[in-house]
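Visitor: To be precise about what I am sending: the file is called upload-v3.tsv and holds TSV, C-alpha atoms.
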```tsv
chain	number	residue	atom	x	y	z
C	1433	MET	CA	-65.92	-27.90	84.45
C	1434	ASN	CA	-65.13	-24.41	85.72
C	1435	GLU	CA	-61.89	-24.47	83.77
C	1436	ILE	CA	-63.73	-25.29	80.55
C	1437	ILE	CA	-66.24	-22.48	81.11
C	1438	GLU	CA	-63.40	-20.09	81.91
C	1439	PHE	CA	-61.55	-21.26	78.79
C	1440	PHE	CA	-64.42	-20.40	76.43
C	1441	ARG	CA	-65.15	-17.11	78.21
C	1442	GLY	CA	-61.62	-15.95	77.50
C	1443	LEU	CA	-61.37	-17.55	74.07
C	1444	PHE	CA	-60.28	-14.31	72.38
C	1445	SER	CA	-58.47	-12.87	75.40
C	1446	THR	CA	-54.93	-11.56	74.86
C	1447	SER	CA	-54.29	-10.07	78.28
C	1448	GLU	CA	-52.73	-13.10	79.96
C	1449	TRP	CA	-49.82	-13.62	77.56
C	1450	PRO	CA	-47.37	-11.30	75.89
C	1451	PRO	CA	-47.17	-11.13	72.09
C	1452	ARG	CA	-44.73	-13.68	70.67
C	1453	TRP	CA	-42.32	-10.87	69.76
C	1454	LYS	CA	-41.85	-10.41	73.52
C	1455	CYS	CA	-41.24	-14.13	74.25
C	1456	GLY	CA	-37.51	-14.83	74.13
C	1457	TYR	CA	-35.22	-13.09	71.70
C	1458	TRP	CA	-36.39	-12.54	68.12
C	1459	SER	CA	-34.22	-10.65	65.70
C	1460	ASP	CA	-36.04	-8.74	62.96
C	1461	PHE	CA	-34.78	-11.22	60.38
C	1462	HIS	CA	-35.64	-14.30	62.45
C	1463	GLY	CA	-39.13	-13.04	63.33
C	1464	SER	CA	-39.92	-11.85	59.81
C	1465	LEU	CA	-38.70	-15.15	58.33
C	1466	TYR	CA	-40.97	-17.07	60.73
C	1467	ILE	CA	-44.02	-14.86	60.03
C	1468	VAL	CA	-43.60	-14.84	56.23
C	1469	SER	CA	-43.11	-18.61	56.20
C	1470	GLU	CA	-46.24	-19.19	58.29
C	1471	LEU	CA	-48.32	-16.89	56.05
C	1472	LEU	CA	-47.05	-18.53	52.86
C	1473	ILE	CA	-47.91	-21.96	54.30
C	1474	TRP	CA	-51.36	-20.65	55.27
C	1475	THR	CA	-51.88	-19.26	51.73
C	1476	ALA	CA	-51.07	-22.63	50.17
C	1477	TYR	CA	-53.20	-24.47	52.74
C	1478	PHE	CA	-56.08	-22.10	52.00
C	1479	LEU	CA	-55.87	-22.43	48.20
C	1480	ILE	CA	-55.47	-26.23	48.07
C	1481	PRO	CA	-58.94	-26.92	49.61
C	1482	LEU	CA	-60.51	-24.43	47.18
C	1483	ILE	CA	-58.93	-26.30	44.26
C	1484	ILE	CA	-60.04	-29.67	45.68
C	1485	LEU	CA	-63.63	-28.51	46.26
C	1486	ASN	CA	-63.81	-26.87	42.82
C	1487	TYR	CA	-62.62	-30.12	41.23
C	1488	LEU	CA	-65.12	-32.12	43.33
C	1489	SER	CA	-68.04	-29.88	42.31
C	1490	ARG	CA	-67.20	-30.31	38.61
C	1491	LYS	CA	-66.51	-34.05	38.71
C	1492	LYS	CA	-68.80	-35.15	41.53
C	1493	ALA	CA	-70.94	-37.42	39.37
C	1494	SER	CA	-67.96	-39.37	38.01
C	1495	LEU	CA	-65.77	-39.52	41.14
C	1496	LYS	CA	-65.64	-42.21	43.79
C	1497	PHE	CA	-64.91	-41.56	47.50
C	1498	ASN	CA	-66.35	-38.01	47.42
C	1499	ARG	CA	-66.41	-37.81	51.22
C	1500	ALA	CA	-62.65	-38.39	51.36
C	1501	TYR	CA	-62.12	-35.25	49.25
C	1502	VAL	CA	-64.25	-33.21	51.70
C	1503	TYR	CA	-62.42	-34.57	54.78
C	1504	PHE	CA	-59.05	-33.92	53.19
C	1505	ALA	CA	-60.01	-30.36	52.20
C	1506	ALA	CA	-61.26	-29.62	55.74
C	1507	PHE	CA	-58.09	-31.10	57.27
C	1508	ILE	CA	-55.80	-28.95	55.07
C	1509	LEU	CA	-57.87	-25.81	55.71
C	1510	LEU	CA	-57.66	-26.29	59.49
C	1511	CYS	CA	-53.92	-26.99	59.29
C	1512	GLY	CA	-53.54	-23.72	57.40
C	1513	SER	CA	-55.54	-21.90	60.07
C	1514	THR	CA	-53.04	-22.97	62.78
C	1515	HIS	CA	-50.18	-21.52	60.72
C	1516	PHE	CA	-52.12	-18.27	60.25
C	1517	LEU	CA	-52.72	-17.99	63.99
C	1518	ASP	CA	-49.06	-18.74	64.72
C	1519	ALA	CA	-48.12	-15.74	62.58
C	1520	LEU	CA	-50.88	-13.58	64.08
C	1521	MET	CA	-49.74	-14.28	67.66
C	1522	PHE	CA	-46.58	-12.28	67.11
C	1523	TRP	CA	-48.95	-9.30	67.71
C	1524	VAL	CA	-52.24	-10.82	69.04
C	1525	PRO	CA	-51.56	-13.67	71.49
C	1526	MET	CA	-54.88	-15.60	71.34
C	1527	TYR	CA	-53.49	-18.85	72.72
C	1528	ARG	CA	-56.92	-20.20	73.73
C	1529	LEU	CA	-58.30	-19.79	70.19
C	1530	ASN	CA	-55.11	-21.36	68.81
C	1531	ALA	CA	-55.57	-24.36	71.11
C	1532	LEU	CA	-59.22	-24.75	70.03
C	1533	ILE	CA	-58.30	-24.64	66.31
C	1534	ARG	CA	-55.55	-27.21	66.87
C	1535	THR	CA	-58.02	-29.48	68.70
C	1536	ALA	CA	-60.46	-29.21	65.76
C	1537	THR	CA	-57.54	-29.96	63.40
C	1538	ALA	CA	-56.65	-33.05	65.43
C	1539	ILE	CA	-60.25	-34.33	65.38
C	1540	VAL	CA	-60.69	-33.77	61.63
C	1541	SER	CA	-57.29	-35.32	60.89
C	1542	LEU	CA	-58.24	-38.46	62.84
C	1543	LEU	CA	-61.61	-38.62	61.04
C	1544	THR	CA	-59.74	-38.30	57.73
C	1545	VAL	CA	-57.38	-41.12	58.68
C	1546	TYR	CA	-60.33	-43.28	59.80
C	1547	HIS	CA	-62.18	-42.68	56.53
C	1548	LEU	CA	-59.07	-43.35	54.43
C	1549	VAL	CA	-58.44	-46.64	56.26
C	1550	LYS	CA	-62.10	-47.55	55.75
C	1551	ILE	CA	-62.04	-47.00	51.99
C	1552	LEU	CA	-58.52	-48.36	51.50
C	1553	PRO	CA	-59.63	-51.87	50.38
C	1554	GLN	CA	-61.91	-50.31	47.75
C	1555	ALA	CA	-59.19	-47.87	46.71
C	1556	PHE	CA	-56.72	-50.71	46.15
C	1557	LYS	CA	-59.22	-52.28	43.75
C	1558	GLN	CA	-59.22	-49.15	41.58
C	1559	LYS	CA	-57.00	-49.34	38.53
C	1560	THR	CA	-54.10	-46.94	38.10
C	1561	ASN	CA	-53.75	-44.76	35.01
C	1562	ILE	CA	-51.13	-47.14	33.63
C	1563	GLU	CA	-53.45	-50.12	34.19
C	1564	LEU	CA	-56.33	-48.23	32.55
C	1565	GLU	CA	-54.18	-47.33	29.56
C	1566	LYS	CA	-53.18	-50.98	29.18
C	1567	GLU	CA	-56.85	-52.00	29.46
C	1568	ILE	CA	-57.77	-49.47	26.76
C	1569	GLN	CA	-55.00	-50.82	24.53
C	1570	ARG	CA	-56.24	-54.40	25.07
C	1571	ARG	CA	-59.80	-53.38	24.25
C	1572	GLU	CA	-58.72	-51.44	21.15
C	1573	GLU	CA	-56.76	-54.49	20.00
C	1574	ALA	CA	-59.76	-56.75	20.69
C	1575	GLU	CA	-62.05	-54.36	18.78
C	1576	ARG	CA	-59.60	-54.31	15.86
C	1577	LYS	CA	-59.51	-58.11	15.75
C	1578	LEU	CA	-63.30	-58.26	16.05
C	1579	GLU	CA	-63.66	-55.80	13.19
C	1580	GLU	CA	-61.32	-57.91	11.05
C	1581	ALA	CA	-63.25	-61.05	11.99
C	1582	ASN	CA	-66.54	-59.35	11.09
C	1583	LYS	CA	-65.16	-58.30	7.72
C	1584	GLU	CA	-63.98	-61.86	7.06
C	1585	LEU	CA	-67.36	-63.22	8.17
C	1586	GLU	CA	-69.22	-60.79	5.90
C	1587	ALA	CA	-67.01	-61.79	2.98
C	1588	PHE	CA	-67.55	-65.46	3.77
C	1589	VAL	CA	-71.34	-65.07	4.03
C	1590	TYR	CA	-71.46	-63.09	0.80
C	1591	ILE	CA	-69.35	-65.60	-1.14
C	1592	ALA	CA	-71.07	-68.63	0.40
C	1593	SER	CA	-74.50	-67.19	-0.30
C	1594	HIS	CA	-73.73	-66.54	-3.95
C	1595	ASP	CA	-71.99	-69.89	-4.39
C	1596	LEU	CA	-74.93	-71.70	-2.78
C	1597	GLN	CA	-77.52	-69.87	-4.82
C	1598	GLU	CA	-76.04	-70.92	-8.15
C	1599	PRO	CA	-76.57	-74.71	-7.71
C	1600	LEU	CA	-80.04	-74.04	-6.28
C	1601	ARG	CA	-80.90	-71.97	-9.33
C	1602	LYS	CA	-79.80	-74.84	-11.55
C	1603	ILE	CA	-81.85	-77.35	-9.53
C	1604	LYS	CA	-84.95	-75.22	-10.11
C	1605	ILE	CA	-84.23	-74.78	-13.81
C	1606	PHE	CA	-83.54	-78.47	-14.44
C	1607	THR	CA	-86.55	-79.53	-12.39
C	1608	THR	CA	-88.78	-77.21	-14.42
C	1609	MET	CA	-87.23	-78.50	-17.66
C	1610	LEU	CA	-87.91	-82.12	-16.63
C	1611	MET	CA	-91.51	-81.33	-15.75
C	1612	ASP	CA	-92.06	-79.44	-19.03
C	1613	SER	CA	-90.40	-82.10	-21.23
C	1614	ASN	CA	-92.21	-85.05	-19.64
C	1615	THR	CA	-95.86	-84.25	-20.09
C	1616	ASN	CA	-96.77	-87.90	-19.48
C	1617	MET	CA	-95.02	-88.00	-16.11
C	1618	LEU	CA	-96.87	-89.79	-13.36
C	1619	GLU	CA	-98.72	-87.69	-10.79
C	1620	GLU	CA	-96.38	-88.93	-8.04
C	1621	ASP	CA	-93.33	-87.90	-10.05
C	1622	ASN	CA	-94.83	-84.47	-10.62
C	1623	ALA	CA	-95.38	-84.11	-6.89
C	1624	ILE	CA	-91.76	-85.07	-6.19
C	1625	MET	CA	-90.48	-82.55	-8.75
C	1626	ALA	CA	-92.70	-79.85	-7.25
C	1627	LYS	CA	-91.30	-80.59	-3.77
C	1628	ILE	CA	-87.72	-80.37	-5.10
C	1629	SER	CA	-88.50	-77.03	-6.75
C	1630	GLY	CA	-90.26	-75.75	-3.63
C	1631	SER	CA	-87.35	-76.77	-1.37
C	1632	ALA	CA	-84.87	-75.04	-3.68
C	1633	THR	CA	-87.02	-71.88	-3.60
C	1634	ARG	CA	-87.18	-71.89	0.20
C	1635	MET	CA	-83.42	-72.44	0.40
C	1636	GLN	CA	-82.84	-69.48	-1.93
C	1637	THR	CA	-85.12	-67.31	0.21
C	1638	MET	CA	-83.26	-68.32	3.37
C	1639	ILE	CA	-79.85	-67.62	1.82
C	1640	THR	CA	-81.03	-64.22	0.58
C	1641	ASP	CA	-82.38	-63.33	4.03
C	1642	VAL	CA	-79.20	-64.49	5.82
C	1643	LEU	CA	-77.16	-62.38	3.42
C	1644	ALA	CA	-79.43	-59.37	4.07
C	1645	LEU	CA	-79.12	-59.83	7.85
C	1646	SER	CA	-75.33	-60.18	7.75
C	1647	THR	CA	-74.80	-57.06	5.66
C	1648	ILE	CA	-76.85	-54.69	7.85
C	1649	LYS	CA	-74.43	-52.34	9.58
C	1650	GLU	CA	-74.31	-48.79	10.89
C	1651	PRO	CA	-76.16	-46.57	8.38
C	1652	GLY	CA	-73.20	-44.19	8.02
C	1653	GLU	CA	-73.86	-40.46	7.80
C	1654	ALA	CA	-77.24	-39.62	9.30
C	1655	MET	CA	-79.68	-38.33	6.70
C	1656	GLU	CA	-83.23	-37.07	6.94
C	1657	VAL	CA	-85.51	-39.79	5.59
C	1658	ASN	CA	-89.10	-39.33	4.44
C	1659	VAL	CA	-90.75	-42.41	5.98
C	1660	ASN	CA	-93.69	-42.20	3.57
C	1661	ALA	CA	-91.24	-42.48	0.66
C	1662	ALA	CA	-89.58	-45.52	2.28
C	1663	ILE	CA	-93.02	-47.15	2.66
C	1664	ASP	CA	-93.85	-46.34	-0.98
C	1665	ASN	CA	-90.70	-48.23	-2.00
C	1666	ALA	CA	-91.82	-51.24	0.04
C	1667	LEU	CA	-95.36	-51.11	-1.42
C	1668	ALA	CA	-93.96	-51.01	-4.95
C	1669	ASP	CA	-92.00	-54.22	-4.28
C	1670	LEU	CA	-95.11	-55.87	-2.78
C	1671	GLU	CA	-97.49	-54.70	-5.52
C	1672	ILE	CA	-98.30	-58.18	-6.88
C	1673	LYS	CA	-98.99	-59.66	-3.42
C	1674	ILE	CA	-101.15	-56.67	-2.54
C	1675	ILE	CA	-103.22	-57.17	-5.69
C	1676	GLU	CA	-103.45	-60.94	-5.15
C	1677	LYS	CA	-104.72	-60.48	-1.60
C	1678	ALA	CA	-106.88	-57.42	-2.46
C	1679	ALA	CA	-105.25	-55.79	0.54
C	1680	VAL	CA	-106.32	-52.39	1.87
C	1681	ILE	CA	-103.33	-50.35	3.08
C	1682	ASN	CA	-103.85	-46.98	4.75
C	1683	VAL	CA	-100.78	-44.81	5.33
C	1684	GLU	CA	-101.12	-41.44	7.04
C	1685	GLU	CA	-98.57	-38.63	6.83
C	1686	LEU	CA	-95.66	-39.80	8.96
C	1687	PRO	CA	-92.87	-37.85	10.70
C	1688	SER	CA	-89.47	-37.91	9.03
C	1689	VAL	CA	-86.58	-39.67	10.78
C	1690	ILE	CA	-82.79	-39.73	10.77
C	1691	GLY	CA	-81.39	-42.84	9.11
C	1692	ASN	CA	-80.90	-44.85	5.92
C	1693	GLU	CA	-83.78	-44.93	3.42
C	1694	GLY	CA	-82.75	-48.29	1.96
C	1695	TYR	CA	-82.74	-49.98	5.37
C	1696	LEU	CA	-86.06	-48.39	6.33
C	1697	SER	CA	-87.64	-49.53	3.06
C	1698	GLN	CA	-86.49	-53.06	3.89
C	1699	LEU	CA	-87.90	-52.70	7.42
C	1700	PHE	CA	-91.39	-51.82	6.14
C	1701	LEU	CA	-91.13	-54.37	3.34
C	1702	ASN	CA	-90.78	-57.12	5.96
C	1703	LEU	CA	-93.48	-55.75	8.28
C	1704	ILE	CA	-96.07	-55.20	5.52
C	1705	GLY	CA	-95.07	-58.48	3.87
C	1706	ASN	CA	-95.72	-60.31	7.14
C	1707	ALA	CA	-99.09	-58.60	7.50
C	1708	LEU	CA	-100.04	-59.78	4.00
C	1709	LYS	CA	-98.73	-63.28	4.62
C	1710	PHE	CA	-100.28	-64.00	8.00
C	1711	SER	CA	-103.87	-63.19	7.13
C	1712	GLN	CA	-106.89	-65.40	6.65
C	1713	VAL	CA	-109.26	-62.62	5.56
C	1714	GLN	CA	-108.84	-59.58	3.33
C	1715	PRO	CA	-105.77	-57.83	4.78
C	1716	VAL	CA	-106.30	-54.34	6.19
C	1717	ILE	CA	-103.07	-52.61	7.21
C	1718	ASN	CA	-102.98	-49.21	8.91
C	1719	ILE	CA	-99.71	-47.30	9.28
C	1720	THR	CA	-99.83	-44.33	11.65
C	1721	GLY	CA	-97.29	-42.24	13.51
C	1722	GLU	CA	-96.61	-39.38	15.87
C	1723	LEU	CA	-93.75	-37.42	17.41
C	1724	ILE	CA	-92.94	-38.20	21.05
C	1725	GLY	CA	-90.23	-35.81	22.22
C	1726	ASN	CA	-87.21	-36.42	19.99
C	1727	LYS	CA	-88.54	-39.78	18.76
C	1728	ALA	CA	-90.77	-40.67	15.83
C	1729	ARG	CA	-93.16	-43.46	16.83
C	1730	ILE	CA	-94.67	-45.44	13.94
C	1731	HIS	CA	-97.34	-48.15	14.27
C	1732	VAL	CA	-97.99	-50.88	11.69
C	1733	THR	CA	-101.32	-52.53	12.53
C	1734	ASP	CA	-102.92	-55.49	10.72
C	1735	ASN	CA	-105.96	-57.74	11.07
C	1736	GLY	CA	-104.01	-60.97	10.69
C	1737	ILE	CA	-103.90	-64.18	12.71
C	1738	GLY	CA	-102.11	-62.54	15.66
C	1739	ILE	CA	-99.41	-63.86	17.99
C	1740	ALA	CA	-99.94	-65.55	21.34
C	1741	GLU	CA	-98.50	-63.57	24.27
C	1742	GLN	CA	-96.14	-66.40	25.32
C	1743	ASN	CA	-94.56	-66.37	21.84
C	1744	GLN	CA	-94.14	-62.63	21.37
C	1745	HIS	CA	-90.63	-62.55	22.88
C	1746	LYS	CA	-89.44	-65.15	20.34
C	1747	ILE	CA	-90.46	-63.54	17.08
C	1748	PHE	CA	-87.40	-61.28	16.71
C	1749	ASP	CA	-84.97	-64.20	17.07
C	1750	ILE	CA	-83.41	-65.57	13.90
C	1751	PHE	CA	-85.01	-68.72	12.42
C	1752	GLN	CA	-87.92	-68.55	14.88
C	1753	ARG	CA	-91.09	-69.78	13.18
C	1754	LEU	CA	-94.42	-69.99	15.01
C	1755	ASN	CA	-96.20	-71.65	12.09
C	1756	THR	CA	-95.39	-74.58	9.82
C	1757	LYS	CA	-93.63	-74.07	6.49
C	1758	SER	CA	-96.55	-75.68	4.69
C	1759	ALA	CA	-99.00	-73.14	6.15
C	1760	TYR	CA	-96.95	-69.97	5.61
C	1761	GLU	CA	-93.88	-69.42	3.47
C	1762	GLY	CA	-90.75	-67.65	4.73
C	1763	SER	CA	-87.39	-68.23	6.35
C	1764	GLY	CA	-88.04	-66.99	9.89
C	1765	ILE	CA	-85.47	-64.20	9.48
C	1766	GLY	CA	-87.63	-61.23	8.45
C	1767	LEU	CA	-88.36	-59.89	11.94
C	1768	ALA	CA	-84.75	-60.44	13.01
C	1769	ILE	CA	-83.82	-58.15	10.11
C	1770	CYS	CA	-86.38	-55.59	11.34
C	1771	LYS	CA	-84.91	-55.66	14.83
C	1772	LYS	CA	-81.35	-55.23	13.57
C	1773	ILE	CA	-82.35	-52.31	11.33
C	1774	THR	CA	-84.01	-50.49	14.26
C	1775	GLU	CA	-80.99	-51.17	16.48
C	1776	VAL	CA	-78.47	-49.70	14.01
C	1777	HIS	CA	-80.72	-46.61	13.92
C	1778	ASN	CA	-80.61	-46.38	17.75
C	1779	GLY	CA	-84.30	-47.24	17.79
C	1780	THR	CA	-86.60	-49.95	19.13
C	1781	ILE	CA	-89.30	-52.26	17.83
C	1782	LYS	CA	-92.07	-53.75	19.97
C	1783	VAL	CA	-95.07	-55.95	19.30
C	1784	LYS	CA	-98.59	-56.04	20.71
C	1785	SER	CA	-100.92	-58.76	19.52
C	1786	LYS	CA	-103.86	-61.03	20.28
C	1787	PRO	CA	-104.58	-64.26	18.42
C	1788	GLY	CA	-107.38	-63.73	15.92
C	1789	GLU	CA	-107.43	-59.95	16.44
C	1790	GLY	CA	-104.31	-58.83	14.60
C	1791	THR	CA	-100.91	-57.40	15.45
C	1792	THR	CA	-99.37	-53.96	15.96
C	1793	PHE	CA	-95.64	-53.38	15.55
C	1794	THR	CA	-94.42	-50.12	17.09
C	1795	ILE	CA	-91.13	-48.68	15.88
C	1796	GLU	CA	-89.33	-45.77	17.57
C	1797	LEU	CA	-86.62	-43.96	15.61
C	1798	PRO	CA	-84.72	-40.67	16.06
C	1799	ALA	CA	-86.93	-37.89	14.69
C	1800	ALA	CA	-85.54	-35.68	11.93
C	1801	LYS	CA	-86.62	-32.52	13.74
C	1802	THR	CA	-83.83	-33.03	16.28
C	1803	LYS	CA	-81.22	-32.65	13.53
C	1804	THR	CA	-83.02	-29.56	12.13
C	1805	GLU	CA	-83.09	-27.98	15.62
C	1806	VAL	CA	-79.36	-28.58	16.08
C	1807	LEU	CA	-78.60	-26.96	12.69
C	1808	ASN	CA	-80.80	-23.99	13.59
C	1809	ARG	CA	-79.01	-23.52	16.92
C	1810	VAL	CA	-75.61	-23.63	15.19
C	1811	THR	CA	-76.56	-21.03	12.57
C	1812	THR	CA	-78.26	-18.59	14.97
```
What's the structure tokens form of this structure?
Guide:
Amino acid sequence: MNEIIEFFRGLFSTSEWPPRWKCGYWSDFHGSLYIVSELLIWTAYFLIPLIILNYLSRKKASLKFNRAYVYFAAFILLCGSTHFLDALMFWVPMYRLNALIRTATAIVSLLTVYHLVKILPQAFKQKTNIELEKEIQRREEAERKLEEANKELEAFVYIASHDLQEPLRKIKIFTTMLMDSNTNMLEEDNAIMAKISGSATRMQTMITDVLALSTIKEPGEAMEVNVNAAIDNALADLEIKIIEKAAVINVEELPSVIGNEGYLSQLFLNLIGNALKFSQVQPVINITGELIGNKARIHVTDNGIGIAEQNQHKIFDIFQRLNTKSAYEGSGIGLAICKKITEVHNGTIKVKSKPGEGTTFTIELPAAKTKTEVLNRVTT
């Protein structure tokens, strides 16, 4: 114990040993070569940890095994310190301090080895750059094939839809012609003809909706869209139904969004159309909105029949119908179209409803003001 106390008391003492120049025979060339080499090694060992720590500070969030970088930097820095002291002892023989630094270097080096061994199984699981490049190539190839398959599927759906609609159109025409030309047709026959015509109409609606769903894709270049104008387009298409139902539709001034006006018109066409369809009293539809941060939040509220809570998660799935075809017309695709349109706009759609009390659909879309702010920052 006394030796340890004595050691630390004389940690910086130089009186008990001669400078290294005095130990043995050093020529000027030999000594200078040794000193310069030690200092150059120390310089490199000092700069490497700085580079490692600078890299770690910049990439910390995306790097794994951050502690290994710190251990390694400390180990190199301490190694460099021993080389610096070896050069310094040619003039200042602090052998005790040198021994202490070497002990610290040994401890940190063993901790580094221990940590490296500990993380080695995880490190072996990490992919090399070559493996990552191959993975990227495989994914790019898969995405290319998927894009080709999607194009083929879109072409198939488009052609199939049009080819299917033609015979259905003829069925409706010929059925109507038969009913008009046979005024003395029995009541049962009239009912059968009406069912044929109604089935053909429903099939046409379903084909049209499937085609609409399949052709919705990324809206392309982002444009500022006046949501009120998109709603006006939808109301114009629904004019006859609105008059038939004597519906009251209140639309307040809404925030503009970034997107595709055609898609957004279709979105509100489906939502307002549903509100008109699923009502047992005079429809009252309120459309309101507000800005929440960089999002425009729009609410479409009706006084319709409502949706039971246990069914609300189903309504955005394709072909999901909560009511019979005889009670309410439709294909069961409209809300799936709404969901897809919001998704391609990087938005969301949610529902809140109670049976008998009505339904509120809440849509969140990127607000147009974000684009205006970006343009302002670029120009100023």
Visitor: So that I can check the surroundings of Glu1741 of chain C, please list as a VMD selection string every protein, DNA and RNA residue that reaches within 9 Å of it, counting all atoms listed in the file and ignoring chain neighbours fewer than 5 positions away.
Guide: chain C and resid 1784 to 1787
Visitor: For segment 1521-1535 of chain C, take all atoms listed in the file, fit an axis-aligned box around them, add 8 Å to each of the six sides, then output centre and edge lengths in Å rounded to one decimal, as AutoDock Vina command-line options.
Guide:
```
--center_x -52.9 --center_y -19.4 --center_z 70.0 --size_x 28.6 --size_y 36.2 --size_z 23.4
```
Visitor: Given the point (-88.9, -50.6, 5.9) in the coordinates of this file, which residues lie within 9 Å, counting all atoms listed in the file, and how would they look as a list in words?
Guide: Val1659, Ala1662, Ile1663, Asn1665, Ala1666, Glu1693, Gly1694, Tyr1695, Leu1696, Ser1697, Gln1698, Leu1699, Phe1700, Leu1701, Asn1702, Leu1703, Ile1704, Cys1770 and Ile1773 of chain C
Visitor: Quick one, how far is atom CA of Ile1436 of chain C from atom CA of Thr1535 of chain C?
Guide: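 Separation between atom CA of Ile1436 of chain C and atom CA of Thr1535 of chain C: 13.8 Å.
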Visitor: Any idea what the distance is between atom CA of Glu1573 of chain C and atom CA of Thr1560 of chain C?
Guide: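 Going from atom CA of Glu1573 of chain C over to atom CA of Thr1560 of chain C, I get 19.8 Å.
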Visitor: Separation of atom CA of Leu1471 of chain C and atom CA of Gly1512 of chain C, in Å?
Guide: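 Between atom CA of Leu1471 of chain C and atom CA of Gly1512 of chain C the gap is 8.7 Å.
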Visitor: Considering only C-alpha atoms, tabulate each residue of segment 1467-1560 of chain C that lies at most 8 Å from segment 1446-1450 of chain C along with its nearest interatomic pair and the corresponding distance in Å to one decimal; arrange the rows by chain and ascending residue number and present them as a tab-separated table.
Guide:
```
residue	atom	partner	partner_atom	distance
C:Val1524	CA	C:Thr1446	CA	6.5
C:Pro1525	CA	C:Thr1446	CA	5.2
C:Met1526	CA	C:Thr1446	CA	5.4
C:Tyr1527	CA	C:Thr1446	CA	7.7
```
Visitor: Would you give me, as CSV, each residue of segment 1489-1536 of chain C having an atom within 10 Å of an atom of segment 1547-1551 of chain C, along with its shortest atom pair and that distance in Å to one decimal, using only C-alpha atoms and sorting by chain and residue number?
Guide:
```
residue,atom,partner,partner_atom,distance
C:Phe1497,CA,C:Ile1551,CA,7.6
C:Arg1499,CA,C:His1547,CA,8.4
C:Ala1500,CA,C:His1547,CA,6.7
C:Tyr1503,CA,C:His1547,CA,8.3
C:Phe1504,CA,C:Leu1548,CA,9.5
```
Visitor: When you count all atoms listed in the file, which of these residues is closest to Met1655 of chain C: C:Thr1475, C:Asn1486, C:Asn1692, C:Ser1629?
Guide: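 Once distances to Met1655 of chain C are computed over all atoms listed in the file, the minimum belongs to C:Asn1692.
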Visitor: Distance cut-off 6 Å, centre (-55.5, -27.0, 54.8) in file coordinates, counting all atoms listed in the file: which residues qualify? Return them as a ChimeraX atom specification.
Guide: /C:1477-1478,1507-1512
Visitor: Kindly indicate which residue among C:Leu1520, C:Ile1795, C:Ala1678, C:Ala1768 lies nearest to Ile1719 of chain C, using only C-alpha atoms for the distances.
Guide: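 Distance minimum relative to Ile1719 of chain C lands on C:Ile1795.
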Visitor: For Leu1797 of chain C, which residue out of C:Ile1717, C:Met1611, C:Val1689, C:Ile1539 is the nearest one, using only C-alpha atoms?
Guide: C:Val1689
Visitor: Could you check the closest approach to Glu1598 of chain C for each of C:Lys1727, C:Ala1632, C:Ser1513, C:Tyr1457 and tell me which residue wins, using all atoms listed in the file?
Guide: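 Using all atoms listed in the file, the shortest distance to Glu1598 of chain C belongs to C:Ala1632.
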Visitor: With only C-alpha atoms as the basis for distance, which of C:Leu1472, C:Met1625, C:Ser1688, C:Gln1714 is at the shortest distance from Glu1676 of chain C?
Guide: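 Of the candidates, the smallest distance to Glu1676 of chain C is held by C:Gln1714.
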Visitor: So that I can see what lies close to Ala1740 of chain C, please list as a PyMOL selection string the residues with an atom at most 12 Å from it, counting only C-alpha atoms and leaving out residues fewer than 2 positions away in the same chain.
Guide: chain C and resi 1737-1738+1742-1747+1754-1755+1783-1791
Visitor: Residues of the last selection are to be written out with C-alpha atoms, as a PDB file, in the frame of the given file.
Guide:
```pdb
ATOM      1  CA  ILE C1737    -103.900 -64.180  12.710  1.00  0.00           C
ATOM      2  CA  GLY C1738    -102.110 -62.540  15.660  1.00  0.00           C
ATOM      3  CA  GLN C1742     -96.140 -66.400  25.320  1.00  0.00           C
ATOM      4  CA  ASN C1743     -94.560 -66.370  21.840  1.00  0.00           C
ATOM      5  CA  GLN C1744     -94.140 -62.630  21.370  1.00  0.00           C
ATOM      6  CA  HIS C1745     -90.630 -62.550  22.880  1.00  0.00           C
ATOM      7  CA  LYS C1746     -89.440 -65.150  20.340  1.00  0.00           C
ATOM      8  CA  ILE C1747     -90.460 -63.540  17.080  1.00  0.00           C
ATOM      9  CA  LEU C1754     -94.420 -69.990  15.010  1.00  0.00           C
ATOM     10  CA  ASN C1755     -96.200 -71.650  12.090  1.00  0.00           C
ATOM     11  CA  VAL C1783     -95.070 -55.950  19.300  1.00  0.00           C
ATOM     12  CA  LYS C1784     -98.590 -56.040  20.710  1.00  0.00           C
ATOM     13  CA  SER C1785    -100.920 -58.760  19.520  1.00  0.00           C
ATOM     14  CA  LYS C1786    -103.860 -61.030  20.280  1.00  0.00           C
ATOM     15  CA  PRO C1787    -104.580 -64.260  18.420  1.00  0.00           C
ATOM     16  CA  GLY C1788    -107.380 -63.730  15.920  1.00  0.00           C
ATOM     17  CA  GLU C1789    -107.430 -59.950  16.440  1.00  0.00           C
ATOM     18  CA  GLY C1790    -104.310 -58.830  14.600  1.00  0.00           C
ATOM     19  CA  THR C1791    -100.910 -57.400  15.450  1.00  0.00           C
TER      20      THR C1791
END
```
Visitor: Find the residues around Lys1771 of chain C up to 8 Å (all atoms listed in the file counted), leave out those fewer than 5 positions away in its own chain, and share them as a PyMOL selection string.
Guide: chain C and resi 1748+1780-1781
